[in-house]
file final_16.cif (mmCIF, C-alpha atoms and all ligand atoms)
data_query
loop_
_atom_site.label_atom_id
_atom_site.label_comp_id
_atom_site.auth_asym_id
_atom_site.auth_seq_id
_atom_site.Cartn_x
_atom_site.Cartn_y
_atom_site.Cartn_z
CA MET A 1087 -66.67 62.46 21.94
CA ALA A 1088 -66.63 65.04 24.73
CA VAL A 1089 -63.22 65.94 26.12
CA LEU A 1090 -62.38 66.36 29.79
CA PHE A 1091 -59.35 68.53 30.45
CA LEU A 1092 -57.53 68.17 33.75
CA LYS A 1093 -56.06 71.04 35.71
CA PRO A 1094 -52.28 71.40 35.46
CA GLU A 1095 -50.35 68.79 37.48
CA ARG A 1096 -53.48 66.75 38.16
CA GLU A 1097 -52.61 63.90 35.79
CA LYS A 1098 -50.21 62.18 38.23
CA SER A 1099 -52.57 59.53 39.57
CA LEU A 1100 -53.74 58.70 36.03
CA LEU A 1101 -50.12 58.24 34.94
CA ARG A 1102 -49.86 55.72 37.77
CA ARG A 1103 -52.97 54.04 36.27
CA HIS A 1104 -55.31 54.79 39.12
CA PRO A 1105 -58.77 54.86 37.48
CA TRP A 1106 -60.49 57.71 39.37
CA ILE A 1107 -60.73 61.36 38.38
CA PHE A 1108 -61.99 63.53 41.22
CA SER A 1109 -64.10 66.64 40.59
CA GLY A 1110 -61.34 68.89 41.95
CA ALA A 1111 -58.96 67.76 39.20
CA VAL A 1112 -61.28 68.71 36.34
CA GLN A 1113 -60.50 71.97 34.56
CA ARG A 1114 -63.32 71.89 31.99
CA VAL A 1115 -65.37 69.63 29.79
CA VAL A 1116 -65.78 70.40 26.12
CA GLY A 1117 -69.03 68.94 24.85
CA ASP A 1118 -72.16 67.87 26.66
CA PRO A 1119 -71.79 64.21 27.67
CA ARG A 1120 -74.73 62.33 29.17
CA PRO A 1121 -74.16 60.55 32.49
CA GLY A 1122 -72.13 57.40 31.84
CA GLU A 1123 -71.08 58.38 28.34
CA THR A 1124 -67.45 57.93 27.40
CA VAL A 1125 -65.28 61.04 27.47
CA GLU A 1126 -61.69 61.49 26.40
CA VAL A 1127 -59.43 62.62 29.23
CA ARG A 1128 -56.54 64.94 28.46
CA ASP A 1129 -53.97 66.76 30.56
CA ALA A 1130 -53.83 70.56 30.70
CA GLN A 1131 -51.57 70.58 27.63
CA GLY A 1132 -54.08 68.51 25.66
CA GLN A 1133 -52.17 65.20 25.79
CA PHE A 1134 -54.34 62.05 25.72
CA LEU A 1135 -54.50 60.24 29.08
CA ALA A 1136 -57.50 57.91 29.02
CA ARG A 1137 -61.10 57.22 28.01
CA ALA A 1138 -63.45 57.30 30.94
CA ALA A 1139 -67.11 57.16 31.96
CA TRP A 1140 -68.53 60.59 32.77
CA SER A 1141 -70.34 60.81 36.09
CA PRO A 1142 -71.56 64.38 36.65
CA HIS A 1143 -73.20 63.78 40.05
CA SER A 1144 -70.32 62.00 41.78
CA GLN A 1145 -67.23 63.41 43.46
CA ILE A 1146 -65.46 60.77 41.37
CA ARG A 1147 -66.31 62.66 38.20
CA ALA A 1148 -64.99 60.05 35.78
CA ARG A 1149 -63.74 56.45 35.95
CA VAL A 1150 -61.26 55.16 33.44
CA TRP A 1151 -62.20 52.40 31.01
CA THR A 1152 -58.92 52.40 29.11
CA PHE A 1153 -55.52 54.11 29.12
CA ASP A 1154 -54.82 52.94 25.57
CA PRO A 1155 -55.28 55.68 22.94
CA ASP A 1156 -55.95 53.01 20.32
CA GLU A 1157 -58.67 51.21 22.27
CA ALA A 1158 -62.30 52.20 21.60
CA VAL A 1159 -64.91 51.73 24.30
CA ASP A 1160 -67.47 49.60 22.50
CA VAL A 1161 -69.09 46.15 22.66
CA ASP A 1162 -65.82 44.43 21.76
CA PHE A 1163 -64.01 46.29 24.49
CA PHE A 1164 -66.42 44.93 27.12
CA ARG A 1165 -66.26 41.45 25.57
CA ARG A 1166 -62.46 41.47 26.00
CA ARG A 1167 -62.66 42.73 29.58
CA ILE A 1168 -65.25 40.14 30.64
CA ARG A 1169 -63.25 37.38 28.93
CA ALA A 1170 -60.12 38.44 30.79
CA ALA A 1171 -62.00 38.40 34.11
CA LEU A 1172 -63.35 34.93 33.33
CA HIS A 1173 -59.87 33.74 32.46
CA ARG A 1174 -58.50 34.93 35.82
CA ARG A 1175 -61.27 32.93 37.54
CA THR A 1176 -60.66 29.74 35.60
CA LEU A 1177 -57.01 29.84 36.73
CA PHE A 1178 -58.38 29.09 40.19
CA GLY A 1179 -60.95 26.53 39.07
CA PHE A 1180 -63.92 28.88 39.19
CA ALA A 1181 -66.33 28.53 36.29
CA PRO A 1182 -70.03 29.18 35.80
CA SER A 1183 -71.80 25.85 36.23
CA CYS A 1184 -73.42 26.36 32.85
CA ALA A 1185 -70.04 26.62 31.11
CA GLU A 1186 -68.96 23.62 29.08
CA SER A 1187 -65.44 23.59 30.50
CA GLY A 1188 -66.30 20.88 33.00
CA VAL A 1189 -64.17 22.64 35.61
CA THR A 1190 -67.12 22.94 37.96
CA ASP A 1191 -67.17 19.35 39.12
CA LYS A 1192 -63.63 19.60 40.40
CA ALA A 1193 -64.02 23.10 41.82
CA GLU A 1194 -64.40 23.90 45.49
CA THR A 1195 -67.55 25.88 44.76
CA ASN A 1196 -70.09 26.94 42.15
CA ALA A 1197 -70.43 30.41 43.68
CA PHE A 1198 -67.81 33.07 43.06
CA ARG A 1199 -67.24 36.67 42.04
CA LEU A 1200 -66.88 36.87 38.29
CA ILE A 1201 -66.26 40.61 38.02
CA HIS A 1202 -64.79 42.72 40.79
CA ALA A 1203 -65.28 46.23 39.43
CA GLU A 1204 -62.17 48.44 39.27
CA SER A 1205 -59.91 45.48 40.07
CA ASP A 1206 -61.11 43.72 36.91
CA ALA A 1207 -60.77 46.96 34.95
CA LEU A 1208 -64.54 47.37 34.82
CA PRO A 1209 -65.25 50.24 37.25
CA GLY A 1210 -68.58 50.05 39.03
CA LEU A 1211 -69.52 46.59 37.76
CA VAL A 1212 -69.90 43.68 40.14
CA VAL A 1213 -71.07 40.28 38.91
CA ASP A 1214 -71.38 37.26 41.16
CA CYS A 1215 -72.09 33.78 39.92
CA TYR A 1216 -74.38 31.46 41.91
CA GLY A 1217 -74.54 28.22 39.96
CA SER A 1218 -76.18 29.18 36.69
CA VAL A 1219 -77.59 32.46 38.01
CA LEU A 1220 -75.61 35.67 37.70
CA VAL A 1221 -76.27 38.60 40.01
CA LEU A 1222 -75.25 41.97 38.64
CA GLN A 1223 -74.66 45.31 40.34
CA ALA A 1224 -74.19 48.43 38.25
CA LEU A 1225 -72.91 50.88 40.85
CA THR A 1226 -71.76 53.81 38.72
CA ALA A 1227 -73.03 55.97 35.87
CA GLY A 1228 -70.66 54.21 33.46
CA SER A 1229 -71.70 50.67 34.29
CA GLU A 1230 -75.35 51.82 34.25
CA PHE A 1231 -74.88 53.30 30.76
CA TRP A 1232 -73.57 49.95 29.38
CA ARG A 1233 -75.87 47.74 31.46
CA GLU A 1234 -77.83 46.14 28.58
CA THR A 1235 -74.67 45.48 26.57
CA LEU A 1236 -73.02 43.99 29.64
CA ALA A 1237 -76.01 41.74 30.32
CA ASP A 1238 -75.98 40.43 26.72
CA LEU A 1239 -72.23 39.80 26.83
CA LEU A 1240 -72.46 37.99 30.16
CA LEU A 1241 -75.01 35.58 28.72
CA GLU A 1242 -72.91 35.12 25.59
CA LEU A 1243 -69.64 34.50 27.44
CA THR A 1244 -70.75 32.46 30.44
CA GLY A 1245 -73.63 30.43 29.03
CA ALA A 1246 -75.79 31.56 31.97
CA THR A 1247 -79.44 32.17 31.13
CA THR A 1248 -80.52 34.20 34.15
CA ILE A 1249 -79.24 37.53 35.38
CA TYR A 1250 -80.77 39.08 38.46
CA GLU A 1251 -79.98 42.73 39.09
CA ARG A 1252 -79.16 44.06 42.56
CA SER A 1253 -78.27 47.65 41.76
CA ASP A 1254 -79.72 48.70 45.09
CA ALA A 1255 -76.54 49.50 47.02
CA ASP A 1256 -76.34 52.87 48.80
CA VAL A 1257 -73.33 53.97 46.72
CA ARG A 1258 -75.63 54.42 43.70
CA GLU A 1259 -76.99 57.51 45.41
CA LEU A 1260 -73.58 59.20 45.16
CA GLU A 1261 -73.79 58.68 41.40
CA GLY A 1262 -77.28 60.22 41.26
CA LEU A 1263 -78.78 56.84 40.39
CA PRO A 1264 -81.97 55.42 41.95
CA PRO A 1265 -81.88 51.91 43.41
CA ARG A 1266 -82.99 49.17 41.04
CA SER A 1267 -83.42 45.43 41.46
CA GLY A 1268 -85.19 42.67 39.58
CA LEU A 1269 -84.83 40.18 36.81
CA LEU A 1270 -82.59 41.48 34.01
CA ARG A 1271 -82.45 38.37 31.81
CA GLY A 1272 -84.10 34.94 31.89
CA THR A 1273 -86.29 33.52 34.63
CA LEU A 1274 -85.97 32.64 38.28
CA ASP A 1275 -88.18 29.93 39.81
CA SER A 1276 -87.22 30.83 43.35
CA PRO A 1277 -85.12 33.60 44.87
CA LEU A 1278 -83.32 30.92 46.90
CA ILE A 1279 -80.38 29.58 44.90
CA PRO A 1280 -78.65 26.44 46.18
CA ILE A 1281 -74.86 26.65 46.09
CA HIS A 1282 -72.04 24.51 47.42
CA GLU A 1283 -68.68 25.40 48.95
CA HIS A 1284 -66.03 22.93 50.09
CA GLY A 1285 -68.67 20.21 50.23
CA LEU A 1286 -71.12 22.29 52.29
CA LYS A 1287 -74.49 23.48 51.08
CA PHE A 1288 -76.01 26.94 51.33
CA LEU A 1289 -79.13 28.69 50.12
CA VAL A 1290 -78.54 32.20 48.82
CA ASN A 1291 -81.39 34.68 48.61
CA VAL A 1292 -80.50 36.79 45.59
CA GLU A 1293 -83.63 38.94 45.90
CA VAL A 1294 -83.25 40.30 49.42
CA GLY A 1295 -79.90 39.00 50.69
CA HIS A 1296 -77.09 41.43 51.55
CA LYS A 1297 -74.91 42.60 48.68
CA THR A 1298 -75.67 40.05 45.95
CA GLY A 1299 -76.81 37.45 48.50
CA PHE A 1300 -73.73 35.83 50.01
CA TYR A 1301 -70.33 36.87 51.40
CA LEU A 1302 -68.25 35.15 48.75
CA ASP A 1303 -65.16 37.09 49.83
CA GLN A 1304 -64.96 35.09 53.08
CA ARG A 1305 -64.84 31.62 51.48
CA ALA A 1306 -61.19 30.81 52.28
CA ASN A 1307 -61.55 32.29 55.76
CA ARG A 1308 -64.60 30.13 56.45
CA LYS A 1309 -62.45 27.12 55.59
CA ARG A 1310 -59.78 28.36 57.99
CA VAL A 1311 -62.39 28.65 60.75
CA ALA A 1312 -63.49 25.05 60.10
CA GLU A 1313 -59.89 23.97 60.62
CA LEU A 1314 -59.63 25.91 63.88
CA ALA A 1315 -62.99 24.88 65.34
CA ARG A 1316 -62.41 21.24 66.33
CA GLY A 1317 -63.42 20.60 69.92
CA ARG A 1318 -63.94 24.31 70.61
CA GLU A 1319 -66.88 26.28 71.91
CA VAL A 1320 -67.55 28.82 69.17
CA LEU A 1321 -69.27 32.22 69.19
CA ASN A 1322 -70.02 33.65 65.73
CA CYS A 1323 -70.93 37.35 65.89
CA PHE A 1324 -72.65 39.03 62.91
CA CYS A 1325 -73.38 35.56 61.55
CA TYR A 1326 -75.71 36.59 58.66
CA THR A 1327 -76.91 33.31 57.06
CA GLY A 1328 -74.46 31.18 59.02
CA GLY A 1329 -71.43 30.98 56.73
CA PHE A 1330 -68.82 30.72 59.47
CA SER A 1331 -71.23 28.81 61.73
CA ILE A 1332 -71.83 25.93 59.31
CA TYR A 1333 -68.11 25.62 58.59
CA ALA A 1334 -67.28 25.65 62.33
CA ALA A 1335 -69.84 22.92 62.96
CA ALA A 1336 -68.51 20.90 60.03
CA GLY A 1337 -65.02 21.33 61.48
CA GLY A 1338 -66.12 19.70 64.72
CA ALA A 1339 -67.00 22.59 67.02
CA LYS A 1340 -68.10 21.42 70.46
CA SER A 1341 -70.82 24.08 70.66
CA LEU A 1342 -71.93 26.94 68.50
CA LEU A 1343 -73.76 30.21 69.16
CA SER A 1344 -74.49 32.55 66.25
CA VAL A 1345 -75.66 36.14 66.76
CA ASP A 1346 -77.23 38.62 64.33
CA THR A 1347 -79.88 41.35 64.43
CA SER A 1348 -81.58 40.18 61.26
CA SER A 1349 -84.34 37.61 61.82
CA GLU A 1350 -84.45 36.84 58.06
CA ALA A 1351 -80.71 36.13 57.99
CA LEU A 1352 -81.00 33.94 61.09
CA ALA A 1353 -83.93 32.01 59.60
CA LEU A 1354 -81.89 31.24 56.48
CA GLY A 1355 -78.92 30.37 58.70
CA GLN A 1356 -81.05 27.78 60.45
CA GLU A 1357 -82.24 26.46 57.10
CA ASN A 1358 -78.60 26.18 56.02
CA ALA A 1359 -77.79 24.34 59.25
CA ARG A 1360 -80.57 21.81 58.50
CA LEU A 1361 -79.34 21.42 54.92
CA ASN A 1362 -75.97 20.36 56.30
CA GLY A 1363 -77.44 17.98 58.85
CA LEU A 1364 -76.73 20.03 61.99
CA SER A 1365 -79.05 19.39 64.89
CA SER A 1366 -80.63 22.21 66.89
CA GLU A 1367 -78.64 21.05 69.95
CA GLN A 1368 -75.36 21.62 68.09
CA ALA A 1369 -76.15 25.06 66.70
CA HIS A 1370 -77.86 27.88 68.61
CA TRP A 1371 -79.03 31.13 67.06
CA LEU A 1372 -79.63 34.41 68.86
CA GLU A 1373 -81.36 37.49 67.48
CA ALA A 1374 -79.55 40.33 69.25
CA ASP A 1375 -77.38 43.37 68.86
CA VAL A 1376 -73.78 42.16 69.19
CA PHE A 1377 -72.66 45.22 71.19
CA THR A 1378 -75.35 44.50 73.81
CA ALA A 1379 -75.04 40.71 73.70
CA LEU A 1380 -71.27 40.75 74.33
CA ARG A 1381 -71.78 42.95 77.42
CA LYS A 1382 -74.46 40.61 78.69
CA PHE A 1383 -72.20 37.57 78.16
CA ARG A 1384 -69.43 39.37 80.07
CA ASP A 1385 -71.78 40.10 82.97
CA GLN A 1386 -72.83 36.43 82.98
CA ASN A 1387 -69.14 35.34 83.05
CA ARG A 1388 -69.58 33.28 79.90
CA ALA A 1389 -66.51 32.15 77.94
CA TRP A 1390 -65.61 30.72 74.53
CA ASP A 1391 -62.60 29.09 72.83
CA LEU A 1392 -63.13 30.65 69.40
CA ILE A 1393 -64.87 33.94 68.64
CA ILE A 1394 -65.55 35.28 65.14
CA LEU A 1395 -66.24 38.99 64.60
CA ASP A 1396 -67.32 39.86 61.07
CA PRO A 1397 -69.27 43.11 61.42
CA PRO A 1398 -70.76 45.15 58.57
CA LYS A 1399 -68.80 48.03 57.08
CA PHE A 1400 -68.54 50.56 59.92
CA ALA A 1401 -66.52 53.00 57.77
CA PRO A 1402 -67.25 52.95 54.03
CA THR A 1403 -64.86 55.92 53.62
CA ALA A 1404 -61.95 57.41 55.56
CA SER A 1405 -64.16 60.23 56.90
CA GLN A 1406 -66.06 57.78 59.11
CA ALA A 1407 -62.88 56.05 60.31
CA GLU A 1408 -62.79 57.57 63.80
CA LYS A 1409 -66.29 56.55 64.81
CA ALA A 1410 -65.81 53.17 63.16
CA ALA A 1411 -62.57 52.64 65.10
CA ARG A 1412 -64.50 53.03 68.36
CA GLY A 1413 -66.97 50.37 67.23
CA TYR A 1414 -64.25 47.90 66.21
CA LYS A 1415 -62.35 48.51 69.42
CA ASP A 1416 -65.43 47.95 71.55
CA ILE A 1417 -66.37 44.55 70.10
CA ASN A 1418 -62.76 43.34 69.97
CA ARG A 1419 -62.15 44.40 73.59
CA LEU A 1420 -65.25 42.51 74.74
CA ALA A 1421 -64.33 39.46 72.65
CA PHE A 1422 -60.82 39.34 74.15
CA LYS A 1423 -62.41 39.35 77.60
CA LEU A 1424 -64.80 36.54 76.69
CA LEU A 1425 -62.07 34.27 75.35
CA ARG A 1426 -60.58 31.59 77.54
CA PRO A 1427 -56.75 31.57 77.80
CA GLY A 1428 -55.44 29.97 74.61
CA GLY A 1429 -58.67 30.97 72.86
CA ILE A 1430 -58.72 32.24 69.29
CA LEU A 1431 -60.17 35.49 67.97
CA VAL A 1432 -60.89 35.68 64.24
CA THR A 1433 -61.65 39.34 63.63
CA PHE A 1434 -62.45 41.23 60.42
CA SER A 1435 -62.98 44.67 58.99
CA CYS A 1436 -64.39 45.18 55.50
CA SER A 1437 -64.32 48.98 55.84
CA GLY A 1438 -62.65 50.74 52.94
CA GLY A 1439 -61.93 53.65 55.30
CA ILE A 1440 -59.75 51.54 57.61
CA ASP A 1441 -56.56 50.06 56.24
CA ALA A 1442 -54.80 46.93 57.47
CA ALA A 1443 -52.28 48.83 59.60
CA LEU A 1444 -54.98 50.87 61.34
CA PHE A 1445 -57.12 47.78 61.91
CA GLN A 1446 -54.21 46.02 63.57
CA LYS A 1447 -53.65 49.07 65.81
CA ILE A 1448 -57.32 49.06 66.82
CA VAL A 1449 -57.22 45.36 67.71
CA ALA A 1450 -53.99 45.90 69.65
CA SER A 1451 -55.50 48.71 71.67
CA ALA A 1452 -58.62 46.58 72.29
CA ALA A 1453 -56.41 43.86 73.79
CA LEU A 1454 -54.60 46.43 75.89
CA ASP A 1455 -57.89 47.78 77.27
CA ALA A 1456 -59.10 44.24 77.94
CA GLY A 1457 -55.88 43.63 79.88
CA VAL A 1458 -54.92 40.60 77.77
CA ASP A 1459 -51.82 39.58 75.85
CA ALA A 1460 -52.37 38.08 72.43
CA GLN A 1461 -50.41 37.16 69.31
CA ILE A 1462 -51.37 37.54 65.68
CA VAL A 1463 -50.86 34.12 64.14
CA GLU A 1464 -52.37 34.81 60.75
CA HIS A 1465 -53.41 37.67 58.44
CA LEU A 1466 -56.49 37.01 56.32
CA SER A 1467 -57.95 38.74 53.28
CA GLN A 1468 -60.33 38.22 50.37
CA GLY A 1469 -60.12 35.23 48.01
CA PRO A 1470 -58.65 35.11 44.48
CA ASP A 1471 -62.04 35.78 42.89
CA HIS A 1472 -61.82 39.23 44.55
CA PRO A 1473 -58.53 40.38 42.99
CA VAL A 1474 -56.86 43.68 43.80
CA ALA A 1475 -55.55 45.62 40.82
CA LEU A 1476 -52.02 46.72 41.69
CA HIS A 1477 -52.85 50.30 40.74
CA PHE A 1478 -56.04 50.28 42.79
CA PRO A 1479 -55.10 49.58 46.42
CA GLU A 1480 -58.69 50.46 47.45
CA GLY A 1481 -59.59 47.01 46.08
CA ALA A 1482 -58.02 45.38 49.16
CA TYR A 1483 -60.91 46.06 51.50
CA LEU A 1484 -61.14 42.87 53.60
CA LYS A 1485 -58.74 42.61 56.52
CA GLY A 1486 -58.73 39.77 59.00
CA LEU A 1487 -56.55 38.80 61.95
CA VAL A 1488 -56.35 35.50 63.75
CA CYS A 1489 -55.18 36.20 67.30
CA VAL A 1490 -54.43 33.78 70.11
CA LYS A 1491 -55.00 34.95 73.67
CA SER A 1492 -52.11 34.11 75.99
N1 LIG B 1 -70.09 36.75 58.59
C1 LIG B 1 -71.14 36.78 57.61
C2 LIG B 1 -71.34 38.15 57.02
C3 LIG B 1 -71.61 39.24 58.02
S1 LIG B 1 -72.41 40.62 57.34
C4 LIG B 1 -70.86 35.74 56.52
O1 LIG B 1 -69.70 35.31 56.37
O2 LIG B 1 -71.78 35.36 55.82
C5 LIG B 1 -72.83 41.55 58.70
C6 LIG B 1 -74.02 41.04 59.47
O3 LIG B 1 -74.13 41.81 60.65
C7 LIG B 1 -75.38 41.16 58.79
O4 LIG B 1 -76.00 39.92 58.78
C8 LIG B 1 -76.19 42.15 59.66
O5 LIG B 1 -77.54 41.76 59.79
C9 LIG B 1 -75.50 42.02 60.97
N2 LIG B 1 -75.52 43.16 61.87
C10 LIG B 1 -75.33 44.48 61.59
N3 LIG B 1 -75.28 45.20 62.73
C11 LIG B 1 -75.42 44.32 63.75
C12 LIG B 1 -75.42 44.44 65.17
N4 LIG B 1 -75.25 45.63 65.75
N5 LIG B 1 -75.57 43.32 65.90
C13 LIG B 1 -75.72 42.11 65.31
N6 LIG B 1 -75.73 41.93 63.98
C14 LIG B 1 -75.57 43.03 63.21
#
call {"tool": "encode", "arguments": {"input": "final_16.cif", "output": "structure tokens"}}
result
Amino acid sequence: MAVLFLKPEREKSLLRRHPWIFSGAVQRVVGDPRPGETVEVRDAQGQFLARAAWSPHSQIRARVWTFDPDEAVDVDFFRRRIRAALHRRTLFGFAPSCAESGVTDKAETNAFRLIHAESDALPGLVVDCYGSVLVLQALTAGSEFWRETLADLLLELTGATTIYERSDADVRELEGLPPRSGLLRGTLDSPLIPIHEHGLKFLVNVEVGHKTGFYLDQRANRKRVAELARGREVLNCFCYTGGFSIYAAAGGAKSLLSVDTSSEALALGQENARLNGLSSEQAHWLEADVFTALRKFRDQNRAWDLIILDPPKFAPTASQAEKAARGYKDINRLAFKLLRPGGILVTFSCSGGIDAALFQKIVASAALDAGVDAQIVEHLSQGPDHPVALHFPEGAYLKGLVCVKS
């Protein structure tokens, strides 16, 4: 096995069990590992630190599989890691609908994240479960290297028969990997997979939907919105396929307007509305840029009682944080203006480059600019199927605030 030696003093983050080794920390590599192959990581004195996946094209030059000198990185290793991830999910009632455990009937949903990459100690691997269909993303050289093994193990351990691959996220480029998507195991009659959440029904397009098809990380927050929506006029910005919209309607919203730029997402949102028995008078859909639409609403003196802002990632990394902050501030400022007194703003950021404290500052300064007083009444984040490894704070990417306008 090739050996990666770190520069002196560069082992500190590994000793704290953070799984990333940046290019600047690497002294030399002895051997000629292929991309994704396992290398042994040692400090400058030659002491064992970890076994990691070699990624020559990325600034994150290696990602740790194991810190245990006695643990080999082989099929059994991945079997243990996937089992552990499954176990964490079953604690919360999540189970693949093909599993024999029978948990599914009692569970709030049959759609959940089964493997959350670094936070499940499987760097670069994301697996979401939609009923009996698994959707896999191999986002790094290491997860790409073990892709076939991982696919076989997922079938073995979950009982699923179909795996669809969506390794087409932009981050693959940083690893020197081309985008890839398509059937990896089994068959798929239709790209539209029916799922259920808290008694509501959704269709998920695993072929062309965003990420793996659905924003599973917002499940608990959608439920919160349903609870807040009763009797309120609701504006859902960046609605995608209508997740928050359907919940708000089910919660008894008085009216509902959902905005997105994607006509495909809106079409599926409308289909989801029909599936849940919403009439076209109850739920309105608008294809528009949110930045423009909010200004237009302001000029028309329109007002709402509940506004949801769930934009895409404006800042994937800290380097884009400043520009992203301007975007977040702009939409939050406009939303505060459009809220009636006593109205509720449910606002999110899923940007890795913006932490919770900064996001709160941005929302505060948006309120200041809008000339409104508001209170935070709740902090929101991702659900338990999107765990955050304690040694990997980057895993806590979803930040949400529920604010009430005075
Ligand atoms: N809230 C959704 C997920 C939102 S994802 C859910 O819970 O399912 C972000 C969405 O914003 C995508 O659907 C994308 O099409 C849309 N989008 C991106 N930029 C936009 C813009 N400037 N105006 C309106 N929609 C935009």
call {"tool": "residues_near_ligand", "arguments": {"input": "final_16.cif", "ligand": "ligand LIG 1 (chain B)", "cutoff": "10 Å", "atoms": "all atoms listed in the file", "output": "ChimeraX atom specification"}}
result
/A:1295-1297,1299-1305,1307-1308,1322-1331,1344-1352,1355,1372-1380,1394-1400,1413,1417,1434,1436
call {"tool": "residues_near_point", "arguments": {"input": "final_16.cif", "point": "(-75.5, 48.4, 47.1)", "cutoff": "9 Å", "atoms": "all atoms listed in the file", "output": "list in words"}}
result
Gln1223, Ala1224, Leu1225, Arg1252, Ser1253, Asp1254, Ala1255, Asp1256, Val1257, Arg1258, Pro1265, His1296, Lys1297 and Thr1298 of chain A
call {"tool": "write_last_selection", "arguments": {"input": "final_16.cif", "atoms": "C-alpha atoms", "output": "PDB file, in the coordinates of the input"}}
result
ATOM      1  CA  GLN A1223     -74.660  45.310  40.340  1.00  0.00           C
ATOM      2  CA  ALA A1224     -74.190  48.430  38.250  1.00  0.00           C
ATOM      3  CA  LEU A1225     -72.910  50.880  40.850  1.00  0.00           C
ATOM      4  CA  ARG A1252     -79.160  44.060  42.560  1.00  0.00           C
ATOM      5  CA  SER A1253     -78.270  47.650  41.760  1.00  0.00           C
ATOM      6  CA  ASP A1254     -79.720  48.700  45.090  1.00  0.00           C
ATOM      7  CA  ALA A1255     -76.540  49.500  47.020  1.00  0.00           C
ATOM      8  CA  ASP A1256     -76.340  52.870  48.800  1.00  0.00           C
ATOM      9  CA  VAL A1257     -73.330  53.970  46.720  1.00  0.00           C
ATOM     10  CA  ARG A1258     -75.630  54.420  43.700  1.00  0.00           C
ATOM     11  CA  PRO A1265     -81.880  51.910  43.410  1.00  0.00           C
ATOM     12  CA  HIS A1296     -77.090  41.430  51.550  1.00  0.00           C
ATOM     13  CA  LYS A1297     -74.910  42.600  48.680  1.00  0.00           C
ATOM     14  CA  THR A1298     -75.670  40.050  45.950  1.00  0.00           C
TER      15      THR A1298
END
call {"tool": "atom_distance", "arguments": {"input": "final_16.cif", "atom1": "atom CA of A:Trp1371", "atom2": "atom CA of A:Leu1343"}}
result
5.7 Å
call {"tool": "closest_residue", "arguments": {"input": "final_16.cif", "among": "A:Pro1427, A:Gly1486, A:Gly1179, A:Pro1470", "to": "A:Arg1310", "atoms": "only C-alpha atoms"}}
result
A:Gly1486
call {"tool": "residues_around", "arguments": {"input": "final_16.cif", "residues": "A:Lys1340", "least_positions_apart": "6", "cutoff": "12 Å", "atoms": "all atoms listed in the file", "output": "JSON, numbers by chain"}}
result
{"A": [1312, 1314, 1315, 1316, 1317, 1318, 1319, 1320, 1321, 1331, 1334, 1367, 1368, 1369, 1370, 1390, 1391, 1392]}
call {"tool": "atom_distance", "arguments": {"input": "final_16.cif", "atom1": "atom CA of A:His1282", "atom2": "atom CA of A:Arg1233"}}
result
28.4 Å
call {"tool": "atom_distance", "arguments": {"input": "final_16.cif", "atom1": "atom CA of A:Glu1480", "atom2": "atom CA of A:His1465"}}
result
17.7 Å
call {"tool": "closest_residue", "arguments": {"input": "final_16.cif", "among": "A:Glu1123, A:Asp1471, A:Asp1416, A:Asp1156", "to": "A:Val1449", "atoms": "only C-alpha atoms"}}
result
A:Asp1416
call {"tool": "residues_around", "arguments": {"input": "final_16.cif", "residues": "A:Arg1388", "least_positions_apart": "5", "cutoff": "9 Å", "atoms": "only C-alpha atoms", "output": "MDAnalysis selection string"}}
result
chainID A and resid 1382:1383 1424:1425
call {"tool": "closest_residue", "arguments": {"input": "final_16.cif", "among": "A:Lys1423, A:Arg1271, A:Arg1360, A:Arg1381", "to": "A:Gly1457", "atoms": "all atoms listed in the file"}}
result
A:Lys1423
call {"tool": "residues_around", "arguments": {"input": "final_16.cif", "residues": "A:Glu1097", "least_positions_apart": "3", "cutoff": "9 Å", "atoms": "only C-alpha atoms", "output": "PyMOL selection string"}}
result
chain A and resi 1092-1094+1100-1102+1107+1111+1128-1130+1135
call {"tool": "closest_atom_pairs", "arguments": {"input": "final_16.cif", "of": "stretch 1226-1258 of chain A", "to": "stretch 1167-1172 of chain A", "cutoff": "9 Å", "atoms": "all atoms listed in the file", "output": "Markdown table"}}
result
| residue | atom | partner | partner_atom | distance |
| --- | --- | --- | --- | --- |
| A:Leu1236 | CA | A:Ile1168 | CA | 8.7 |
| A:Leu1239 | CA | A:Ile1168 | CA | 8.0 |
| A:Leu1240 | CA | A:Ile1168 | CA | 7.5 |
| A:Leu1243 | CA | A:Arg1169 | CA | 7.2 |
| A:Thr1244 | CA | A:Leu1172 | CA | 8.3 |
call {"tool": "residues_around", "arguments": {"input": "final_16.cif", "residues": "A:Asn1418", "least_positions_apart": "4", "cutoff": "7 Å", "atoms": "all atoms listed in the file", "output": "number ranges by chain"}}
result
A: 1414, 1422, 1449, 1452
call {"tool": "write_last_selection", "arguments": {"input": "final_16.cif", "atoms": "C-alpha atoms", "output": "JSON list (two decimals), in the coordinates of the input"}}
result
[["chain", "number", "residue", "atom", "x", "y", "z"],
["A", 1414, "TYR", "CA", -64.25, 47.90, 66.21],
["A", 1422, "PHE", "CA", -60.82, 39.34, 74.15],
["A", 1449, "VAL", "CA", -57.22, 45.36, 67.71],
["A", 1452, "ALA", "CA", -58.62, 46.58, 72.29]]
call {"tool": "residues_around", "arguments": {"input": "final_16.cif", "residues": "A:Val1089", "least_positions_apart": "6", "cutoff": "9 Å", "atoms": "all atoms listed in the file", "output": "list of chain:residue names"}}
result
A:Arg1114, A:Val1115, A:Val1116, A:Gly1117, A:Pro1119, A:Val1125, A:Glu1126, A:Val1127, A:Arg1128
call {"tool": "closest_residue", "arguments": {"input": "final_16.cif", "among": "A:Glu1464, A:Pro1479, A:Glu1408, A:Leu1289", "to": "A:Ile1430", "atoms": "all atoms listed in the file"}}
result
A:Glu1464
